[in-house]
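**Q** The following file, target_24.txt, comprises compact mmCIF, C-alpha atoms:
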# COMPACT_ATOMS: atom_id res chain seq x y z
CA MET A 1 -7.89 -11.92 -82.19
CA LYS A 2 -5.45 -14.81 -82.43
CA LEU A 3 -6.02 -17.18 -85.35
CA LYS A 4 -5.71 -20.88 -84.66
CA PHE A 5 -5.38 -23.29 -87.57
CA ASN A 6 -6.26 -26.96 -87.21
CA LEU A 7 -3.92 -29.69 -88.39
CA VAL A 8 -5.60 -30.11 -91.78
CA THR A 9 -5.20 -26.40 -92.54
CA GLN A 10 -1.58 -26.41 -91.35
CA ILE A 11 -0.73 -29.38 -93.59
CA PHE A 12 -2.49 -27.78 -96.57
CA PHE A 13 -0.61 -24.49 -96.17
CA ALA A 14 2.67 -26.37 -95.75
CA PHE A 15 1.93 -28.20 -99.00
CA ILE A 16 1.26 -24.95 -100.91
CA ILE A 17 4.38 -23.29 -99.46
CA ALA A 18 6.44 -26.35 -100.43
CA ILE A 19 5.33 -26.02 -104.07
CA ILE A 20 6.16 -22.31 -104.12
CA LEU A 21 9.59 -22.82 -102.54
CA GLY A 22 10.37 -25.70 -104.90
CA VAL A 23 9.55 -23.59 -107.97
CA ILE A 24 11.53 -20.57 -106.69
CA PHE A 25 14.68 -22.28 -105.40
CA GLY A 26 14.88 -25.37 -107.62
CA ASP A 27 17.43 -27.99 -106.60
CA ALA A 28 18.77 -25.72 -103.84
CA ILE A 29 15.65 -26.40 -101.78
CA SER A 30 16.97 -29.92 -101.18
CA VAL A 31 18.66 -28.50 -98.07
CA ILE A 32 15.34 -29.01 -96.22
CA GLN A 33 15.07 -32.65 -97.31
CA PRO A 34 16.30 -33.87 -93.86
CA LEU A 35 13.11 -32.44 -92.32
CA GLY A 36 11.06 -34.69 -94.57
CA ASP A 37 13.33 -37.66 -93.99
CA LEU A 38 13.02 -37.21 -90.23
CA PHE A 39 9.22 -37.13 -90.40
CA LEU A 40 9.18 -40.20 -92.64
CA ARG A 41 11.44 -42.08 -90.23
CA LEU A 42 9.25 -41.13 -87.28
CA ILE A 43 6.06 -42.46 -88.83
CA LYS A 44 7.82 -45.56 -90.16
CA PHE A 45 9.29 -46.46 -86.79
CA ILE A 46 5.85 -46.88 -85.19
CA ILE A 47 4.27 -48.94 -87.99
CA ALA A 48 5.20 -52.44 -86.79
CA PRO A 49 4.38 -52.01 -83.06
CA LEU A 50 1.22 -50.04 -83.86
CA ILE A 51 -0.18 -52.73 -86.19
CA LEU A 52 0.74 -55.53 -83.79
CA ALA A 53 -0.76 -53.92 -80.69
CA THR A 54 -3.96 -52.55 -82.24
CA LEU A 55 -4.76 -55.69 -84.21
CA VAL A 56 -4.18 -58.00 -81.23
CA VAL A 57 -6.50 -55.84 -79.11
CA GLY A 58 -9.06 -55.58 -81.89
CA VAL A 59 -9.25 -59.32 -82.52
CA SER A 60 -9.18 -60.39 -78.88
CA SER A 61 -11.74 -57.79 -77.76
CA GLY A 62 -14.15 -58.76 -80.54
CA GLY A 63 -14.33 -62.34 -79.36
CA ASP A 64 -16.07 -63.52 -82.55
CA PRO A 65 -13.96 -65.41 -85.12
CA LYS A 66 -16.97 -65.48 -87.47
CA GLN A 67 -17.04 -61.68 -87.53
CA LEU A 68 -13.35 -61.66 -88.37
CA GLY A 69 -13.99 -63.99 -91.29
CA ARG A 70 -16.84 -61.79 -92.54
CA MET A 71 -14.69 -58.69 -92.29
CA GLY A 72 -11.86 -60.35 -94.18
CA LEU A 73 -14.13 -61.47 -97.01
CA LYS A 74 -15.82 -58.07 -97.32
CA THR A 75 -12.46 -56.28 -97.31
CA ILE A 76 -10.82 -58.41 -99.99
CA VAL A 77 -13.90 -58.39 -102.26
CA TYR A 78 -14.17 -54.60 -101.96
CA TYR A 79 -10.48 -54.08 -102.73
CA MET A 80 -10.62 -56.34 -105.79
CA LEU A 81 -13.80 -54.74 -107.15
CA THR A 82 -12.56 -51.17 -106.73
CA THR A 83 -9.23 -52.08 -108.33
CA GLY A 84 -11.12 -53.40 -111.36
CA VAL A 85 -13.17 -50.20 -111.60
CA ALA A 86 -10.01 -48.09 -111.17
CA ILE A 87 -8.21 -49.65 -114.15
CA ILE A 88 -11.30 -49.08 -116.33
CA VAL A 89 -11.46 -45.43 -115.21
CA GLY A 90 -7.75 -45.03 -115.95
CA LEU A 91 -8.13 -46.46 -119.44
CA ALA A 92 -11.21 -44.32 -120.21
CA VAL A 93 -9.64 -41.05 -119.07
CA ALA A 94 -6.41 -41.85 -120.91
CA PHE A 95 -8.35 -42.39 -124.14
CA ALA A 96 -10.04 -39.02 -123.59
CA PHE A 97 -6.72 -37.21 -123.02
CA SER A 98 -4.66 -39.10 -125.66
CA PRO A 99 -1.41 -38.29 -123.78
CA GLY A 100 0.88 -40.16 -126.19
CA LYS A 101 -0.31 -38.82 -129.54
CA GLY A 102 1.98 -36.40 -131.34
CA LEU A 103 4.61 -36.61 -128.59
CA ASP A 104 8.26 -36.41 -129.65
CA ILE A 105 10.66 -37.03 -126.79
CA SER A 106 13.91 -38.93 -126.60
CA VAL A 107 13.79 -42.21 -124.71
CA GLU A 108 16.74 -42.83 -122.40
CA GLU A 109 16.36 -45.83 -120.18
CA SER A 110 16.93 -44.84 -116.57
CA GLU A 111 18.29 -47.07 -113.84
CA MET A 112 14.79 -47.16 -112.30
CA ALA A 113 13.32 -48.41 -115.57
CA LYS A 114 16.04 -51.04 -116.01
CA GLU A 115 15.53 -52.29 -112.46
CA ALA A 116 11.76 -52.50 -112.88
CA ALA A 117 12.03 -54.36 -116.18
CA SER A 118 14.48 -56.86 -114.70
CA GLN A 119 12.28 -57.79 -111.73
CA GLU A 120 9.67 -60.50 -111.88
CA PRO A 121 6.41 -59.98 -109.97
CA GLN A 122 5.70 -62.60 -107.34
CA SER A 123 3.09 -65.20 -108.14
CA VAL A 124 -0.14 -65.10 -106.17
CA ILE A 125 0.74 -68.44 -104.52
CA THR A 126 4.16 -67.15 -103.44
CA THR A 127 2.59 -64.02 -102.01
CA PHE A 128 0.14 -66.05 -99.94
CA LEU A 129 2.90 -68.35 -98.69
CA ASN A 130 4.99 -65.34 -97.70
CA ILE A 131 2.17 -64.16 -95.44
CA VAL A 132 3.19 -66.85 -92.94
CA PRO A 133 6.37 -65.69 -91.14
CA GLU A 134 9.13 -68.19 -90.46
CA ASN A 135 10.21 -65.91 -87.63
CA PRO A 136 7.63 -63.38 -86.36
CA PHE A 137 10.34 -61.26 -84.77
CA ASN A 138 12.05 -60.89 -88.15
CA ALA A 139 8.69 -59.80 -89.57
CA LEU A 140 8.51 -57.08 -86.89
CA ALA A 141 12.12 -56.04 -87.49
CA GLU A 142 11.58 -55.80 -91.25
CA ALA A 143 8.09 -54.23 -90.93
CA ASN A 144 6.59 -56.93 -93.16
CA ILE A 145 2.97 -55.86 -92.80
CA LEU A 146 1.25 -59.01 -94.07
CA GLN A 147 3.32 -61.21 -91.77
CA ILE A 148 2.68 -58.90 -88.80
CA ILE A 149 -1.05 -59.12 -89.52
CA PHE A 150 -0.84 -62.92 -89.56
CA PHE A 151 1.10 -62.96 -86.26
CA ALA A 152 -1.28 -60.49 -84.57
CA LEU A 153 -4.38 -62.38 -85.73
CA PHE A 154 -3.15 -65.60 -84.18
CA ILE A 155 -2.22 -63.91 -80.90
CA GLY A 156 -5.63 -62.20 -80.71
CA ILE A 157 -7.55 -65.40 -81.51
CA ALA A 158 -5.46 -67.38 -79.01
CA ILE A 159 -6.12 -64.81 -76.26
CA THR A 160 -9.85 -65.26 -76.88
CA LEU A 161 -9.59 -69.06 -76.81
CA VAL A 162 -7.44 -69.18 -73.64
CA GLY A 163 -9.79 -66.86 -71.76
CA GLU A 164 -9.11 -65.54 -68.25
CA LYS A 165 -5.50 -66.72 -68.00
CA ALA A 166 -4.57 -64.66 -71.05
CA GLN A 167 -6.06 -61.41 -69.72
CA PRO A 168 -2.68 -60.07 -68.51
CA VAL A 169 -1.41 -60.42 -72.08
CA TYR A 170 -4.51 -58.64 -73.39
CA ARG A 171 -4.07 -55.79 -70.89
CA PHE A 172 -0.43 -55.44 -71.92
CA PHE A 173 -1.31 -55.05 -75.59
CA ASP A 174 -4.23 -52.75 -74.73
CA GLY A 175 -1.94 -50.42 -72.80
CA PHE A 176 0.75 -50.72 -75.48
CA ALA A 177 -1.78 -49.74 -78.17
CA GLU A 178 -2.75 -46.63 -76.19
CA ILE A 179 0.93 -45.69 -75.95
CA MET A 180 1.34 -46.06 -79.71
CA TYR A 181 -1.75 -43.90 -80.32
CA LYS A 182 -0.24 -41.20 -78.12
CA ILE A 183 3.10 -41.36 -79.96
CA THR A 184 1.24 -41.08 -83.27
CA GLY A 185 -0.51 -37.95 -82.00
CA ILE A 186 2.82 -36.41 -81.01
CA ILE A 187 4.37 -37.17 -84.40
CA MET A 188 1.38 -35.66 -86.19
CA LYS A 189 2.10 -32.31 -84.58
CA ILE A 190 5.16 -31.95 -86.82
CA ALA A 191 3.38 -33.24 -89.94
CA PRO A 192 3.29 -29.77 -91.60
CA ILE A 193 7.08 -29.48 -91.29
CA GLY A 194 7.47 -33.01 -92.64
CA VAL A 195 5.23 -32.30 -95.64
CA LEU A 196 7.26 -29.16 -96.38
CA GLY A 197 10.51 -31.14 -96.28
CA LEU A 198 9.14 -33.91 -98.51
CA VAL A 199 7.30 -31.98 -101.22
CA ALA A 200 9.56 -28.96 -101.82
CA PRO A 201 12.63 -31.02 -102.88
CA VAL A 202 10.51 -33.06 -105.32
CA ILE A 203 9.15 -29.90 -106.98
CA GLY A 204 12.65 -28.40 -106.94
CA GLU A 205 14.19 -31.48 -108.58
CA TYR A 206 11.70 -31.85 -111.44
CA GLY A 207 10.67 -28.24 -112.00
CA LEU A 208 7.73 -27.21 -114.11
CA SER A 209 9.70 -27.08 -117.39
CA VAL A 210 10.84 -30.69 -117.07
CA LEU A 211 7.26 -31.84 -116.54
CA LEU A 212 5.77 -29.99 -119.52
CA PRO A 213 6.43 -32.68 -122.20
CA LEU A 214 4.56 -35.23 -120.08
CA ILE A 215 2.01 -32.88 -118.54
CA LYS A 216 -0.87 -34.64 -120.32
CA VAL A 217 0.11 -37.94 -118.67
CA ILE A 218 0.13 -36.32 -115.24
CA ALA A 219 -3.14 -34.49 -115.97
CA ALA A 220 -4.82 -37.71 -117.15
CA ALA A 221 -3.71 -39.56 -114.01
CA PHE A 222 -4.88 -36.68 -111.80
CA VAL A 223 -8.30 -36.45 -113.44
CA ALA A 224 -8.73 -40.24 -113.32
CA CYS A 225 -7.92 -40.22 -109.59
CA ILE A 226 -10.51 -37.49 -108.94
CA VAL A 227 -13.15 -39.24 -111.05
CA HIS A 228 -12.55 -42.55 -109.29
CA ALA A 229 -12.77 -40.94 -105.85
CA ILE A 230 -16.02 -39.16 -106.70
CA LEU A 231 -17.69 -42.06 -108.51
CA VAL A 232 -16.56 -44.96 -106.32
CA TYR A 233 -15.65 -43.78 -102.84
CA SER A 234 -18.36 -41.12 -102.51
CA SER A 235 -21.04 -43.54 -103.69
CA ALA A 236 -19.74 -46.42 -101.58
CA VAL A 237 -19.61 -44.58 -98.23
CA LYS A 238 -22.99 -42.95 -98.91
CA ILE A 239 -24.80 -46.14 -99.96
CA PHE A 240 -23.21 -48.74 -97.69
CA ALA A 241 -22.29 -46.67 -94.61
CA LYS A 242 -24.80 -43.78 -94.80
CA MET A 243 -21.93 -41.33 -94.41
CA SER A 244 -21.77 -37.97 -96.14
CA PRO A 245 -18.98 -37.94 -98.76
CA LEU A 246 -17.94 -34.50 -97.48
CA THR A 247 -17.54 -35.90 -93.96
CA PHE A 248 -15.54 -38.79 -95.35
CA PHE A 249 -13.13 -36.75 -97.48
CA LYS A 250 -12.67 -34.11 -94.79
CA GLY A 251 -11.91 -36.80 -92.20
CA ILE A 252 -9.31 -38.60 -94.29
CA SER A 253 -7.74 -35.50 -95.89
CA PRO A 254 -4.74 -35.25 -93.49
CA ALA A 255 -3.72 -38.83 -94.31
CA ALA A 256 -4.28 -38.22 -98.04
CA ILE A 257 -1.96 -35.20 -98.02
CA VAL A 258 0.70 -37.08 -96.06
CA ALA A 259 0.34 -40.01 -98.49
CA PHE A 260 0.88 -37.62 -101.42
CA SER A 261 3.97 -36.23 -99.71
CA THR A 262 5.54 -39.56 -98.73
CA ALA A 263 4.36 -41.70 -101.70
CA SER A 264 4.17 -44.56 -99.18
CA SER A 265 0.96 -46.33 -98.16
CA ALA A 266 2.75 -48.19 -95.37
CA GLY A 267 4.48 -45.03 -94.18
CA THR A 268 1.14 -43.22 -93.94
CA LEU A 269 -0.56 -46.09 -92.12
CA PRO A 270 -0.32 -44.66 -88.56
CA ILE A 271 -1.98 -41.43 -89.72
CA THR A 272 -4.63 -43.33 -91.69
CA LEU A 273 -5.47 -45.35 -88.58
CA LYS A 274 -5.71 -42.19 -86.50
CA ASN A 275 -7.95 -40.38 -89.02
CA THR A 276 -10.37 -43.27 -89.59
CA GLN A 277 -10.81 -43.85 -85.88
CA GLU A 278 -11.02 -40.25 -84.66
CA ASN A 279 -12.56 -38.49 -87.68
CA LEU A 280 -14.66 -41.21 -89.32
CA GLY A 281 -15.79 -43.23 -86.30
CA VAL A 282 -14.35 -46.60 -87.33
CA PRO A 283 -13.67 -48.86 -84.30
CA SER A 284 -10.03 -49.79 -83.78
CA LYS A 285 -10.75 -53.52 -84.08
CA ILE A 286 -11.98 -52.94 -87.65
CA SER A 287 -9.55 -50.23 -88.77
CA SER A 288 -6.54 -52.13 -87.41
CA PHE A 289 -7.49 -55.11 -89.59
CA VAL A 290 -8.77 -53.46 -92.79
CA LEU A 291 -6.18 -50.69 -93.15
CA PRO A 292 -2.92 -52.69 -92.80
CA LEU A 293 -4.34 -55.20 -95.28
CA GLY A 294 -5.21 -52.36 -97.65
CA ALA A 295 -1.72 -50.87 -97.37
CA THR A 296 -0.36 -54.06 -98.90
CA ILE A 297 -2.99 -55.26 -101.40
CA ASN A 298 -5.23 -52.28 -102.27
CA MET A 299 -4.01 -50.93 -105.60
CA ASP A 300 -6.72 -48.55 -106.85
CA GLY A 301 -4.31 -45.69 -107.48
CA THR A 302 -1.76 -48.03 -109.00
CA ALA A 303 -4.46 -49.51 -111.26
CA ILE A 304 -5.29 -46.03 -112.55
CA TYR A 305 -1.58 -45.52 -113.18
CA GLN A 306 -1.48 -48.78 -115.18
CA GLY A 307 -4.40 -47.73 -117.37
CA VAL A 308 -2.99 -44.28 -118.14
CA SER A 309 0.53 -45.64 -118.73
CA VAL A 310 -0.58 -48.43 -121.08
CA ILE A 311 -2.56 -46.05 -123.32
CA PHE A 312 0.25 -43.48 -123.24
CA ILE A 313 2.90 -46.02 -124.28
CA ALA A 314 0.69 -47.57 -126.96
CA GLN A 315 -0.07 -44.13 -128.46
CA PHE A 316 3.58 -43.07 -128.29
CA TYR A 317 4.56 -46.09 -130.39
CA GLY A 318 1.57 -45.62 -132.70
CA LEU A 319 -0.08 -48.91 -131.72
CA ASP A 320 -3.83 -49.55 -131.52
CA LEU A 321 -5.09 -51.82 -128.74
CA SER A 322 -7.91 -54.28 -129.38
CA PHE A 323 -10.80 -54.89 -127.01
CA ILE A 324 -9.24 -58.23 -126.00
CA GLN A 325 -5.96 -56.50 -125.17
CA LEU A 326 -7.77 -53.90 -123.05
CA LEU A 327 -9.66 -56.67 -121.25
CA THR A 328 -6.33 -58.40 -120.65
CA VAL A 329 -5.00 -55.19 -119.08
CA VAL A 330 -7.95 -55.11 -116.66
CA VAL A 331 -7.64 -58.76 -115.63
CA THR A 332 -3.84 -58.69 -115.36
CA THR A 333 -3.88 -55.55 -113.24
CA VAL A 334 -6.42 -56.97 -110.78
CA LEU A 335 -4.43 -60.21 -110.40
CA ALA A 336 -1.10 -58.39 -110.22
CA SER A 337 -2.43 -56.19 -107.41
CA ILE A 338 -2.14 -59.29 -105.23
CA GLY A 339 1.03 -60.72 -106.75
CA THR A 340 3.07 -57.55 -106.28
CA ALA A 341 1.93 -56.86 -102.72
CA GLY A 342 4.82 -55.66 -100.57
CA VAL A 343 7.30 -55.37 -103.48
CA PRO A 344 9.25 -52.08 -103.60
CA GLY A 345 8.45 -50.09 -106.74
CA ALA A 346 5.27 -52.11 -107.25
CA GLY A 347 3.85 -49.65 -109.78
CA LEU A 348 6.66 -49.98 -112.31
CA ILE A 349 7.01 -53.72 -111.73
CA MET A 350 3.28 -54.20 -112.30
CA LEU A 351 3.64 -52.14 -115.48
CA THR A 352 6.22 -54.57 -116.90
CA MET A 353 3.81 -57.43 -116.27
CA VAL A 354 0.90 -55.60 -117.92
CA LEU A 355 2.94 -54.48 -120.94
CA SER A 356 4.23 -58.02 -121.44
CA SER A 357 0.72 -59.47 -121.28
CA ILE A 358 -0.41 -57.45 -124.33
CA GLY A 359 2.87 -57.31 -126.26
CA LEU A 360 3.76 -53.64 -125.78
CA PRO A 361 7.49 -52.74 -125.78
CA LEU A 362 9.00 -52.78 -122.30
CA GLU A 363 11.22 -49.86 -123.39
CA GLY A 364 8.13 -47.74 -122.82
CA ILE A 365 8.80 -47.94 -119.08
CA ALA A 366 11.62 -45.45 -119.66
CA LEU A 367 9.01 -42.88 -120.74
CA ILE A 368 7.17 -43.18 -117.44
CA ALA A 369 10.13 -43.66 -115.09
CA GLY A 370 11.13 -40.00 -115.29
CA ILE A 371 7.84 -38.83 -113.78
CA ASP A 372 7.20 -41.93 -111.68
CA ARG A 373 7.70 -40.05 -108.42
CA ILE A 374 4.94 -37.56 -109.30
CA LEU A 375 2.59 -40.33 -110.41
CA ASP A 376 3.50 -42.35 -107.31
CA MET A 377 2.37 -39.48 -105.11
CA LEU A 378 -0.99 -39.37 -106.91
CA ARG A 379 -1.64 -43.11 -106.81
CA THR A 380 -0.61 -43.43 -103.16
CA SER A 381 -3.16 -40.79 -102.14
CA VAL A 382 -5.90 -42.70 -103.93
CA ASN A 383 -4.78 -45.97 -102.33
CA ILE A 384 -5.00 -44.40 -98.87
CA VAL A 385 -8.47 -42.93 -99.46
CA GLY A 386 -9.58 -46.32 -100.82
CA ASP A 387 -8.30 -48.05 -97.69
CA ALA A 388 -10.26 -45.64 -95.52
CA SER A 389 -13.45 -46.12 -97.56
CA ALA A 390 -13.15 -49.88 -97.07
CA ALA A 391 -12.80 -49.42 -93.30
CA VAL A 392 -15.88 -47.17 -93.22
CA ILE A 393 -17.94 -49.59 -95.32
CA VAL A 394 -16.96 -52.68 -93.33
CA ALA A 395 -17.72 -50.85 -90.06
CA GLY A 396 -21.07 -49.70 -91.45
CA SER A 397 -21.99 -53.19 -92.63
CA GLU A 398 -21.14 -54.56 -89.18
CA LYS A 399 -23.33 -51.85 -87.56
CA GLU A 400 -20.31 -50.57 -85.61
CA LEU A 401 -19.71 -47.23 -87.29
CA GLU A 402 -19.91 -44.34 -84.82
CA SER A 403 -21.84 -41.39 -86.24
CA ARG A 404 -19.92 -38.23 -87.12
CA ALA A 405 -21.49 -34.81 -87.66
Would it be possible to restate this file's structure as structure tokens?
**A**
Amino acid sequence: MKLKFNLVTQIFFAFIIAIILGVIFGDAISVIQPLGDLFLRLIKFIIAPLILATLVVGVSSGGDPKQLGRMGLKTIVYYMLTTGVAIIVGLAVAFAFSPGKGLDISVEESEMAKEAASQEPQSVITTFLNIVPENPFNALAEANILQIIFFALFIGIAITLVGEKAQPVYRFFDGFAEIMYKITGIIMKIAPIGVLGLVAPVIGEYGLSVLLPLIKVIAAAFVACIVHAILVYSSAVKIFAKMSPLTFFKGISPAAIVAFSTASSAGTLPITLKNTQENLGVPSKISSFVLPLGATINMDGTAIYQGVSVIFIAQFYGLDLSFIQLLTVVVTTVLASIGTAGVPGAGLIMLTMVLSSIGLPLEGIALIAGIDRILDMLRTSVNIVGDASAAVIVAGSEKELESRA
């Protein structure tokens, strides 16, 4: 009898094999890095056209600007609330693990740490102003997700307002969206190879021995991510969308694994869209609005990273944090989740802002920078799952969620 593995199983096995190969061959396994780079390029090249086409179709087919406003409000409130919970979970788990106590490692400031410390996070006002593109075609060329969302929303609303005369434009985008879905499906067929090429070189570069001094930091972040997913996402989809948590996590698992491999929310977006629509029953008009927005402003995983990192750095330097300082960490992280939207290396840049707000030494960034790639993979997976939970909840609240067995 011939065994046939589905895509989720193929990706999972590729992930396990990548870890094994990375441990065995070390740095030499970097020869397969081009396979991962190719996969990453393929999913990145469809991001801009996919968001534009699907969101235009979603908005113009809905025909209800009030519904769009409701969806936007629900999405942003959910993202802000879950980010607040995530930072609290990160702090609590970090206190339980005490990753910085009794640690004796040399601190050498890396180029990544220097760059993060030198960058200033954008203000919330600047971020909102930057949503409006001066040239929408530049936004498409640069894959600026927030600006593409703005452009697509206006096209979709205008199609609705114009009516019959704009139907040829609507049909064009409808057909274009179907083409992009088909391309996404084709790219997903090579996802296992891409995951192998992305994960194995990372494991080979860091190795298990290099990670041992900071293993408690990684373990604390991992446990916090699991706790947050179980407490928040499971409860949310069950209560607000009447969906089984098992159905939810199984449906989004391919995107979560790809997110872990790529450490890029935006890069995983096409797969997240595909999974939420096909596996979780979220209509395209909702997923194409909620998910791109989440890829830029949802920072649950990054918030967990902030909580663990702050406690780790404070303990390493032998400093005790007051309740007011911890409260400041929570508030600053939630606000910074908006202000750093779309900034490369947002996690480390956010960390400089949080450390500054409570007077912790910025040199502590150098402690985290060495394992930032590993932590980035963890937090990106949580961000992606959080995006999907928001799409499910918004669809459920709008009574448009298709049932899944």
**Q** Pick out the closest residue to A:Val232 from this set: A:Gly359, A:Pro34, A:Gly386, A:Gly156. Count only C-alpha atoms.
**A** A:Gly386
**Q** Could you list as a PyMOL selection string every residue that has an atom within 10 Å of (-23.8, -49.3, -93.6), using the file's coordinates and counting all atoms listed in the file?
**A** chain A and resi 236-243+392-401
**Q** Quick one: everything within 10 Å of stretch 15-24 of chain A, counting all atoms listed in the file, minus sequence neighbours fewer than 3 positions away in the same chain. Send it as a list in words.
**A**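 Those residues are Thr9, Gln10, Ile11, Phe12, Asp27, Ala28, Ile29, Ser30, Pro192, Ile193, Gly194, Val195, Leu196, Gly197, Leu198, Val199, Ala200, Pro201, Val202, Ile203, Gly204, Glu205, Tyr206, Gly207, Leu208, Ile257, Val258, Phe260 and Ser261 of chain A.
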**Q** Quick one, how far is atom CA of A:Val93 from atom CA of A:His228?
**A**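 Separating atom CA of A:Val93 from atom CA of A:His228 is a distance of 10.3 Å.
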**Q** Identify the residues within 8 Å of coordinate (-7.3, -66.1, -77.0) (same frame as the file), considering all atoms listed in the file, and give the answer as a VMD selection string.
**A** chain A and resid 60 155 to 163 166
**Q** If you measure from atom CA of A:Gln306 to atom CA of A:Phe128, what distance in Å do you get, rounded to one decimal?
**A**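 Atom-to-atom, atom CA of A:Gln306 and atom CA of A:Phe128 are spaced 23.1 Å apart.
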**Q** Could the residues of stretch 265-307 of chain A that have an atom at most 12 Å from stretch 137-149 of chain A be listed as CSV, each with its closest atom pair and the distance in Å to one decimal, counting all atoms listed in the file and ordered by chain and ascending residue number?
**A**
residue,atom,partner,partner_atom,distance
A:Ser265,CA,A:Ile145,CA,11.1
A:Ala266,CA,A:Ile145,CA,8.1
A:Gly267,CA,A:Ala143,CA,10.4
A:Leu269,CA,A:Ile145,CA,10.4
A:Ser288,CA,A:Ile149,CA,9.1
A:Phe289,CA,A:Ile149,CA,7.6
A:Val290,CA,A:Ile149,CA,10.1
A:Leu291,CA,A:Ile149,CA,10.5
A:Pro292,CA,A:Ile145,CA,6.7
A:Leu293,CA,A:Leu146,CA,6.9
A:Gly294,CA,A:Leu146,CA,9.9
A:Ala295,CA,A:Ile145,CA,8.2
A:Thr296,CA,A:Leu146,CA,7.1
A:Ile297,CA,A:Leu146,CA,9.3
**Q** Quick one: distance from atom CA of A:Leu360 to atom CA of A:Ile311 in Å, one decimal?
**A**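 So the answer is 10.2 Å.
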**Q** Any idea what's packed within 8 Å of A:Leu42, counting only C-alpha atoms, ignoring anything in its chain fewer than 4 positions away? Could you give it as a list in words?
**A** Leu38, Ile46 and Ile187 of chain A
**Q** Give the answer as one residue: which of A:Ser309, A:Thr380, A:Asn279, A:Ser356 has the shortest atom-to-atom distance to A:Ala94, using all atoms listed in the file?
**A** A:Ser309
**Q** Using the file's own x, y and z axes, so that the box edges lie along x, y and z, what centre and edge lengths in Å (one decimal) does a box around every listed atom of stretch 135-148 of chain A get when 5 Å is added on each side? Give it as lines of an AutoDock Vina configuration file.
**A**
center_x = 6.7
center_y = -60.1
center_z = -89.4
size_x = 20.9
size_y = 21.7
size_z = 19.3
**Q** What lies within 9 Å of stretch 214-227 of chain A using all atoms listed in the file, ignoring chain neighbours under 3 positions off, as a PyMOL selection string?
**A** chain A and resi 86+89-94+96-100+103+210-211+230-232+300-301+304-305+307-309+312+367-368+371+374-375+378-379+381-382
**Q** Here is a test: counting all atoms listed in the file, which residue of A:Ile131, A:Val59, A:Ala303, A:Leu50 is nearest to A:Lys182?
**A** A:Leu50
**Q** For A:Phe248, which residue out of A:Gly281, A:Pro270, A:Gly36, A:Pro361 is the nearest one, using only C-alpha atoms?
**A** A:Gly281
**Q** Rank A:Ala391, A:Val85, A:Met299, A:Ile384 by their smallest atom-to-atom distance to A:Leu280, using only C-alpha atoms, and report the top residue only.
**A**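 Between A:Ala391, A:Val85, A:Met299, A:Ile384, the residue approaching A:Leu280 most closely is A:Ala391.
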